[in-house]
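A short write-up of the structure that comes next.
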Amino acid sequence: MRLSHFVAVLSSAVLASAGPTSPQDAFHEVLTLQPLPDGKLSVLFEFTTHFSLHKGDGPSQSHHSLTPPTLLLPLEKSNVSELTISFTSGQWNQLRHGESGPPAYEAGGGGGEVRGWLEGGDTDTAWDDVTHAFAGLFCATVGAEHVGESVRTFGDLYPPARQGNNLSHYLVASPHLHLCTENLTPFLSLLPSKGLSGLSALLAHPGNVLGWGFKTEGIDVVMPSKTQQGTWTGWWGGVVDLVPERGGTRGFTLKTIFGTNLPRPFPKAASSTLRLIAPEGGLAVDPAPQKVNKRWVDGRRREVAEWDLFTEDLQDKDFGFWWHEEGPFKHPLHFEPPAVTISRVAADRHASDATFVVNIANNADVDREAVYSEVWPWWVKGWLSEMSVKVNGAAAPDLIHSIDYHPSTPPTPSTTDLHLRLTLPARSTVQLSIPFTKLTLKYDDHVPDAERGREIPASVLTLLDVKGEEERYADKALETGTVDVQRTSRRRVYGPKLLLDVPTPDFSMPYNVIIMSSTVMAVFFGSIQGRIIRRWGWVEASK
Amino acid sequence: MSVANPAMRGLGDPPTHEPPQPGTSPEIKLTRRKDVDAARVLEQANQPAKWRLLVVVCFPLFFLLAAPYWWYTTSIVRLPLPNERIVALESQRVVTATADAGPRMQVAIALTAQDPPLRTQIWFTVDEAAFPVPPPGKAQFPHNAKVQNVIKLVTDGVDGLVRRDAPEDRGERRWDMEVDAPRAPLRAHILVTDTATNKFPLEPYIAVGDSEDGKVTRGMLVVPVHPDLIGDRNLKQHYKIALINGIHFLFPPHLPGIPTRALAYSPNITLSFVLLNEDAMVGSYVDGWDVEGAIRDHFLPQLSPLSPLFNFSIESQVLYHAPLTIDPDHVNGSWVIDDDGMNVFVSERWSLDSMSSNNPVLRFLLFVPSQLHRPLKLGDSESRASSFLIPQFGSVVILNPPTEQGQGHDDKTAYTLALAALDAPFAQFAAHLRSLLAIAARPSQLHPDPAPGRAALVARGVADPLSVWEMDTVLRTRLAETAAEARKTLAGIVRLVDKIKEMQLGEDVRDKILGAVRRLEGLPAAARARSPLPPSFLLARDALLLANEAFFDPGMMGQLYFPDQHKFAVYTPLFAPVGVSIVVSLLREVKRLKGRRRKAKKEKDQGEGNPKGVVAESESTATSTGVQTRAATRR
């Protein structure tokens, strides 16, 4: 290779753009650490790529550098405008962790969830194609078996980021899915750093990462429009125990959590940042952060420390975090509740009846406007006429402003969707009780191991009065610790998914019937027939 | 015996049950009385014979009546296949070129074994000035006669070359040159031009574009001759040599088959270009490349002529981490990958697959080794080879960035590959593409087009686009391949359906098979058309698609896992005990009927005269244990 053939571009290289007007693709990675009040640490990796589609001239070409073709080609083919896939495993304990949900705001409820906006006419087949393509990519059946099982009524709760023409919203929740290595490996292969450099190298230890108690993984893709670039974000979050089993201090380093030092950054990354959201009472860190800002994070003003990982002296260093003058960690007995908590149980269980009892606690000083939504499979028949709403024990039916109810239509595969527009009064707990009956499933509809029961998707409370976390001029004067529950970007708070046991028949009955009838026939047919056609004869007794 | 005997029941009384006396066994003591008439007792105790027969016959009758319903509900749809027509297609193999007759094949499509093989027409023209003017006094031949003369020379020359092979290995000449055939698909021309070389031998070429004066059209085989050469004594020989060099090597007498390294035919193919950095984190790496320009210059001219055959979709990506799973040896200051290493070079972990469609993919990988493995060589440390082909997968070109002394891991240079840097790798990729699609390389006897606009491209190594001459061979090869595959698949279906009796054959599958058979049968008729190759190819391709769809139809698998053995294993424990009873009772009834008939006949024969009045009455009580009593005779 002759030297003259190479064009050397010196450091902090930038991809030569296809044309002077289209902005370049850029890849950013952020690791956010947030210590929680109960001695645990919330970890969130976010990998964001801003991209445009490079189509080339000539027939059906598609060129990628920082973006993976595995992700974008199926979306292009099926005319998808936005898509979000999330897997969540474990439960986020709202009270003890002090937040209403994990720091990844786009993560869904328990299990797997895929939702998206599709453009154009025949979106049912396109949705089927997309979910099958990503089911293949993530090795998890995220799609619905029948297109009727996709929920269509959540469009208002997940408004599109791009206005297109003729958009249709689809949502499929698969609460039975878990998160495992087969979901982590394709996630890493979608990143340009492939789990070998930069922050993704911290994530590339499945033995470590999949041992966390709560984990969530997901991608959120917004396809480019004619005027704007597209964005795709991949996130991986979890909750790590900081305190050893036999007790000890909470202090930690990156090496103790991830098992390895900080790797060298990915050279093509436009930015690579480590962020720490300091807890109440502060935290000691080494090395010192390069930037410390006050930010609104989920309704509370906090201090956020940042390190730019491209800095030369931070390479291969271990970061240490510890609490001043705190010896062995003492688990607090009281926790300050977050703004909104939800709990949901199935109470009063009988053989095929029960009652959903949902407790939504608004711990703030202001009333909240919200929409509470549930998705039930067709065999859960809720008795909405018997629904009752109570606030702190007293009946309060006025809290519900409107009900949007879409019952299922068996025998076609379908779901029941319920949206309640309600007001949550300040400093009170709203209790919703909805009795329901479990309908009989046909013999063939039962899944293997039917006695385990079946999960129903997590319920979601969408807060309508959130104002976002962007800094405003007036915020500069506010101190850390100020609480304003509406200054958050978290629009949705998820209740837990539930395991309902389905009344099961005795599955051995057909076998018993066949065996029994065959035996009866075999044993008794002969004697019965004999009795019918017996001929009596005269027997001479010999003298 | 007194009537008062409680053990004796009167004849006309209904049987009463008396509890047995203690100490006695509970059996009825039947003592013989003169007036006890066994026959009358039996007649009353037994049901009439006709009833018994009816009851016995009811059971098998029920089975007989239910059998059609059972047959109807358990039978599978198996429509008949056109077996004879499929077998007749096999004999088509004799007259149609096949791909699986080894490295040598029969050459052309013939209608029957007796017809001459089908030839592509070439319209041959010569400039007026290309023939020397005869001196005055010599005969002046018309231009067409001279052209015909040249044609005869060339044709005889090629026939001679073909005849050199032994008769069983002999190929065929599959073209004909005509003087006046304006609608022929191919054109050849001898052009007098100043730009040609003024030395022999002549340099024939295939024109890429039309010339301004209209004499040269796209795809024409041009033999340029300088005006100074016209007076040469051996001009005609040189024309013959130039034309034979051009045509004979473009149309070799033996049609090449599809080698195993090439892809089997599929109408949609994806081409994937990947720039792989082994490790972008360590040292310098390549950050981007002008792949769109390289594809436009090197690949699109080769791909557009193939549009009747293949539908290409192109994608490209850049990988920044592609670690090698093999350890190259460090020899003489360079890193060497040997043959075994090349076999396993492409690693699964690179996740090259984009999974966007089910098309076969050809991948062209441009591999930039990391700082630790530079320079990377193939084969041995002195070799100059920089690429290798992976059969049915694609090819790899190794690109070693320049290494300057004193730069190592700290060198963070990010190179961008401009179009000039990509010329050599993409020229290799284009050649590999032809090899992977079973398209023969342009023979070396043909020179690149000397048109002025192409000089820059030729200097860069950009190959001439695919010409109609090469398309002729490609169409023939693919036609033979698809027709042979379709026939093989149809024969396979017939064998499969024959072997697995439980396989069902629905209407849509049968329609697809019929469609494929019909198209294959239409091949000889299509071969008679003026330009027979494209429509024949379409027929063969559609036949192959239909045959594959029929073979892999999911409906054919429906009953496959419920073989007859299972069916009988379920039925036998239910019906065997039942069946035994029914059959045995039937047999006994038949025997008894026969016995009665014999008795009746005997009575008739003997009339009234038999003193003994032997009455043979075979009696039997049919019980489930099958105990028979002996026949009792009565005097």
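Identifiers in the structure tokens: chain A, B, ... in order shown; residue index from 1 per chain; ligand index from 1 in order shown.
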If you count only C-alpha atoms, which residues fall within 7 Å of A:Asp318, apart from same-chain ones fewer than 6 positions away, as a PyMOL selection string? chain A and resi 253-255+261-262
Neighbouring residues of A:Arg492 were defined as those with any atom within 8 Å, considering only C-alpha atoms; residues of the same chain fewer than 3 positions away were excluded. Please report them as a list of chain:residue names. A:Tyr105, A:Val460, A:Leu461, A:Thr462, A:Leu463
Please provide the set of residues having any atom within 12 Å of B:Leu433, restricted to only C-alpha atoms, with same-chain residues fewer than 6 positions apart removed, written as a compact mmCIF listing (two decimals) with C-alpha atoms, in the first residue's frame.
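Final output, selection.txt:
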```
# COMPACT_ATOMS: atom_id res chain seq x y z
CA ARG B 261 -17.51 -21.91 -4.58
CA ALA B 262 -20.23 -19.96 -6.39
CA LEU B 263 -23.68 -19.30 -5.03
CA ILE B 269 -28.85 -11.40 -3.42
CA THR B 270 -27.53 -8.98 -0.80
CA LEU B 271 -24.01 -7.63 -1.12
CA SER B 272 -22.51 -6.55 2.17
CA PHE B 273 -19.33 -4.46 2.34
CA HIS B 298 -16.43 -0.64 -9.51
CA PHE B 299 -19.61 -2.51 -8.81
CA LEU B 300 -22.60 -0.86 -10.41
CA GLN B 302 -21.02 -5.06 -13.23
CA LEU B 303 -24.37 -5.29 -11.44
CA VAL B 361 -25.47 -12.65 1.32
CA LEU B 362 -22.06 -12.14 -0.25
CA ARG B 363 -19.75 -10.33 2.13
CA PHE B 364 -16.73 -8.35 1.08
CA LEU B 389 -11.88 -15.90 -1.34
CA ILE B 390 -14.22 -17.75 0.98
CA PRO B 391 -16.50 -20.08 -0.99
CA GLN B 392 -20.18 -19.19 -0.97
CA PHE B 393 -19.49 -16.47 1.55
CA GLY B 394 -17.43 -13.68 0.07
CA SER B 395 -13.87 -12.51 0.21
CA VAL B 396 -11.40 -10.76 2.48
CA PHE B 426 -12.55 -2.87 -4.84
CA ALA B 427 -11.08 -4.03 -8.10
CA ILE B 439 -19.26 -15.37 -14.20
CA ALA B 440 -16.06 -16.04 -16.09
CA ALA B 441 -13.42 -13.34 -16.04
CA LEU B 466 -20.25 -6.72 -18.05
```
For A:Phe87, please output as a PDB file with N, CA, C and O atoms, in the first residue's frame all residues within 9 Å (counting only C-alpha atoms; exclusion window: fewer than 2 positions along the same chain).
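Output below, filename out-v2.pdb:
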```pdb
ATOM      1  N   ILE A  85     -38.045  -1.002  23.000  1.00  0.00           N
ATOM      2  CA  ILE A  85     -38.115  -2.368  23.516  1.00  0.00           C
ATOM      3  C   ILE A  85     -37.464  -2.338  24.881  1.00  0.00           C
ATOM      4  O   ILE A  85     -36.383  -1.772  25.028  1.00  0.00           O
ATOM      5  N   SER A  89     -36.230  -7.082  34.861  1.00  0.00           N
ATOM      6  CA  SER A  89     -36.254  -8.300  35.655  1.00  0.00           C
ATOM      7  C   SER A  89     -36.021  -7.901  37.100  1.00  0.00           C
ATOM      8  O   SER A  89     -35.108  -7.143  37.398  1.00  0.00           O
ATOM      9  N   ALA A 107     -37.961   2.786  30.575  1.00  0.00           N
ATOM     10  CA  ALA A 107     -38.105   1.352  30.827  1.00  0.00           C
ATOM     11  C   ALA A 107     -39.560   1.017  31.109  1.00  0.00           C
ATOM     12  O   ALA A 107     -40.288   1.809  31.699  1.00  0.00           O
ATOM     13  N   GLY A 108     -39.989  -0.130  30.685  1.00  0.00           N
ATOM     14  CA  GLY A 108     -41.375  -0.526  30.892  1.00  0.00           C
ATOM     15  C   GLY A 108     -41.555  -1.184  32.240  1.00  0.00           C
ATOM     16  O   GLY A 108     -40.679  -1.193  33.081  1.00  0.00           O
ATOM     17  N   GLY A 109     -42.711  -1.738  32.443  1.00  0.00           N
ATOM     18  CA  GLY A 109     -42.982  -2.474  33.664  1.00  0.00           C
ATOM     19  C   GLY A 109     -42.263  -3.812  33.647  1.00  0.00           C
ATOM     20  O   GLY A 109     -41.363  -4.033  32.852  1.00  0.00           O
ATOM     21  N   GLY A 110     -42.658  -4.726  34.501  1.00  0.00           N
ATOM     22  CA  GLY A 110     -41.942  -5.983  34.613  1.00  0.00           C
ATOM     23  C   GLY A 110     -42.025  -6.817  33.341  1.00  0.00           C
ATOM     24  O   GLY A 110     -42.998  -6.788  32.615  1.00  0.00           O
ATOM     25  N   GLY A 111     -40.956  -7.561  33.064  1.00  0.00           N
ATOM     26  CA  GLY A 111     -40.981  -8.431  31.904  1.00  0.00           C
ATOM     27  C   GLY A 111     -40.577  -7.669  30.657  1.00  0.00           C
ATOM     28  O   GLY A 111     -39.870  -6.682  30.700  1.00  0.00           O
ATOM     29  N   GLY A 112     -41.049  -8.123  29.526  1.00  0.00           N
ATOM     30  CA  GLY A 112     -40.674  -7.514  28.259  1.00  0.00           C
ATOM     31  C   GLY A 112     -41.791  -6.638  27.745  1.00  0.00           C
ATOM     32  O   GLY A 112     -42.967  -6.899  27.963  1.00  0.00           O
ATOM     33  N   GLU A 113     -41.412  -5.574  27.077  1.00  0.00           N
ATOM     34  CA  GLU A 113     -42.430  -4.707  26.493  1.00  0.00           C
ATOM     35  C   GLU A 113     -41.880  -4.151  25.205  1.00  0.00           C
ATOM     36  O   GLU A 113     -40.726  -3.757  25.142  1.00  0.00           O
ATOM     37  N   VAL A 114     -42.694  -4.118  24.178  1.00  0.00           N
ATOM     38  CA  VAL A 114     -42.271  -3.479  22.935  1.00  0.00           C
ATOM     39  C   VAL A 114     -43.403  -2.575  22.495  1.00  0.00           C
ATOM     40  O   VAL A 114     -44.571  -2.958  22.529  1.00  0.00           O
ATOM     41  N   LEU A 177     -41.334 -12.606  30.479  1.00  0.00           N
ATOM     42  CA  LEU A 177     -39.941 -12.651  30.025  1.00  0.00           C
ATOM     43  C   LEU A 177     -38.982 -12.219  31.121  1.00  0.00           C
ATOM     44  O   LEU A 177     -39.307 -11.366  31.945  1.00  0.00           O
ATOM     45  N   HIS A 178     -37.797 -12.790  31.107  1.00  0.00           N
ATOM     46  CA  HIS A 178     -36.750 -12.381  32.042  1.00  0.00           C
ATOM     47  C   HIS A 178     -35.554 -11.899  31.251  1.00  0.00           C
ATOM     48  O   HIS A 178     -35.503 -12.003  30.036  1.00  0.00           O
ATOM     49  N   LEU A 179     -34.573 -11.407  31.964  1.00  0.00           N
ATOM     50  CA  LEU A 179     -33.385 -10.859  31.331  1.00  0.00           C
ATOM     51  C   LEU A 179     -32.248 -11.835  31.550  1.00  0.00           C
ATOM     52  O   LEU A 179     -32.022 -12.295  32.662  1.00  0.00           O
ATOM     53  N   ASN A 183     -29.966 -11.863  26.072  1.00  0.00           N
ATOM     54  CA  ASN A 183     -30.427 -10.518  25.763  1.00  0.00           C
ATOM     55  C   ASN A 183     -29.295  -9.523  25.854  1.00  0.00           C
ATOM     56  O   ASN A 183     -29.338  -8.478  25.201  1.00  0.00           O
ATOM     57  N   LYS A 215     -32.698  -5.498  37.189  1.00  0.00           N
ATOM     58  CA  LYS A 215     -31.979  -5.171  35.965  1.00  0.00           C
ATOM     59  C   LYS A 215     -32.991  -4.700  34.931  1.00  0.00           C
ATOM     60  O   LYS A 215     -34.100  -5.218  34.859  1.00  0.00           O
ATOM     61  N   THR A 216     -32.566  -3.771  34.128  1.00  0.00           N
ATOM     62  CA  THR A 216     -33.416  -3.397  33.017  1.00  0.00           C
ATOM     63  C   THR A 216     -32.549  -3.093  31.804  1.00  0.00           C
ATOM     64  O   THR A 216     -31.474  -2.523  31.912  1.00  0.00           O
ATOM     65  N   GLU A 217     -33.017  -3.507  30.640  1.00  0.00           N
ATOM     66  CA  GLU A 217     -32.261  -3.304  29.406  1.00  0.00           C
ATOM     67  C   GLU A 217     -33.260  -2.818  28.372  1.00  0.00           C
ATOM     68  O   GLU A 217     -34.426  -3.213  28.398  1.00  0.00           O
ATOM     69  N   GLY A 218     -32.799  -1.982  27.467  1.00  0.00           N
ATOM     70  CA  GLY A 218     -33.748  -1.590  26.443  1.00  0.00           C
ATOM     71  C   GLY A 218     -33.122  -0.734  25.360  1.00  0.00           C
ATOM     72  O   GLY A 218     -31.987  -0.277  25.482  1.00  0.00           O
TER      73      GLY A 218
END
```
Using only C-alpha atoms, which protein or nucleic acid residues come within 10 Å of B:Arg518? Drop anything in the same chain fewer than 4 positions from it, and give the result as a PyMOL selection string. chain B and resi 85-86+512-514+522-523+539+543
Any idea what the distance is between atom CA of B:Trp469 and atom CA of B:Asp423?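 Taking atom CA of B:Trp469 as the start and atom CA of B:Asp423 as the end point, the length is 25.6 Å.
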Taking the backbone alone, and naming residues the way the document does, which bits of stretch 83-311 of chain B are strand (DSSP E) by DSSP, as a PyMOL selection string? chain B and resi 120-126+175-178+186-192+205-206+221-225+268-277+285-289+311
What are the residues of chain B that have an atom within 8 Å of an atom of chain A, counting only C-alpha atoms, as number ranges by chain? B: 38, 42, 45-47, 52, 55-56, 280-281, 287-288, 292, 312-321, 351, 353-356, 399-402, 412-418, 420-421, 573-578, 581, 619-624, 629, 632
Writing out the chosen residues with C-alpha atoms as a compact mmCIF listing (two decimals), in the first residue's frame:
```
# COMPACT_ATOMS: atom_id res chain seq x y z
CA ALA B 38 -85.37 -81.01 27.41
CA LEU B 42 -84.24 -75.22 26.26
CA ALA B 45 -84.63 -70.78 28.26
CA ASN B 46 -82.89 -69.83 25.08
CA GLN B 47 -83.82 -66.96 22.91
CA ARG B 52 -79.24 -64.60 18.55
CA VAL B 55 -77.47 -59.87 17.89
CA VAL B 56 -74.24 -61.54 16.91
CA ALA B 280 -9.57 0.71 17.03
CA MET B 281 -8.54 1.27 20.60
CA ASP B 287 -12.36 5.66 10.59
CA GLY B 288 -14.36 5.88 7.39
CA GLU B 292 -20.53 4.81 -2.06
CA PHE B 312 -29.11 -6.91 -5.76
CA SER B 313 -29.41 -4.98 -2.54
CA ILE B 314 -26.31 -3.36 -1.09
CA GLU B 315 -25.43 -2.56 2.48
CA SER B 316 -22.21 -1.52 4.14
CA GLN B 317 -20.94 -1.04 7.65
CA VAL B 318 -17.83 -0.10 9.56
CA LEU B 319 -16.74 -2.15 12.55
CA TYR B 320 -14.30 -0.70 15.02
CA HIS B 321 -13.65 -3.89 16.94
CA SER B 351 -21.93 -10.26 14.13
CA ASP B 353 -25.30 -10.64 9.81
CA SER B 354 -27.88 -7.93 9.55
CA MET B 355 -30.78 -10.37 9.53
CA SER B 356 -32.90 -8.02 7.50
CA LEU B 399 -5.21 -3.58 4.08
CA ASN B 400 -2.10 -2.75 6.07
CA PRO B 401 -1.91 0.91 7.06
CA PRO B 402 1.52 2.46 6.72
CA LYS B 412 -4.15 7.70 17.56
CA THR B 413 -4.33 8.53 13.89
CA ALA B 414 -7.66 7.89 12.30
CA TYR B 415 -7.33 7.30 8.59
CA THR B 416 -10.06 7.91 6.09
CA LEU B 417 -9.98 5.88 2.92
CA ALA B 418 -10.69 8.06 -0.07
CA ALA B 420 -8.14 6.42 -4.65
CA ALA B 421 -7.26 4.21 -1.70
CA PRO B 573 -55.73 -52.60 22.91
CA LEU B 574 -59.26 -51.36 22.42
CA PHE B 575 -60.38 -53.40 19.50
CA ALA B 576 -58.44 -56.62 19.84
CA PRO B 577 -60.25 -58.07 22.89
CA VAL B 578 -63.55 -56.85 21.48
CA SER B 581 -65.19 -62.03 21.10
CA GLU B 619 -74.98 -77.26 21.51
CA SER B 620 -72.66 -74.89 22.91
CA THR B 621 -72.82 -72.28 25.47
CA ALA B 622 -70.82 -69.35 24.46
CA THR B 623 -69.11 -67.90 27.43
CA SER B 624 -66.18 -65.64 27.59
CA THR B 629 -70.10 -78.61 26.23
CA ALA B 632 -75.70 -84.20 23.68
```
So that I can see what lies close to A:Thr412, please list as a ChimeraX atom specification the residues with an atom at most 10 Å from it, counting only C-alpha atoms and leaving out residues fewer than 4 positions away in the same chain. /A:146,148-149,378,408
I'd like the contact shell of A:Gly234 - 6 Å cut-off, only C-alpha atoms, skipping same-chain residues fewer than 5 positions apart - returned as a count of residues only. 4
Name the closest residue to B:Pro256 among the candidates B:Met220, B:Val474, B:Leu546, B:Val494; distances are taken between atoms, counting only C-alpha atoms.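 Looking only at the distances to B:Pro256, the closest residue turns out to be B:Val474.
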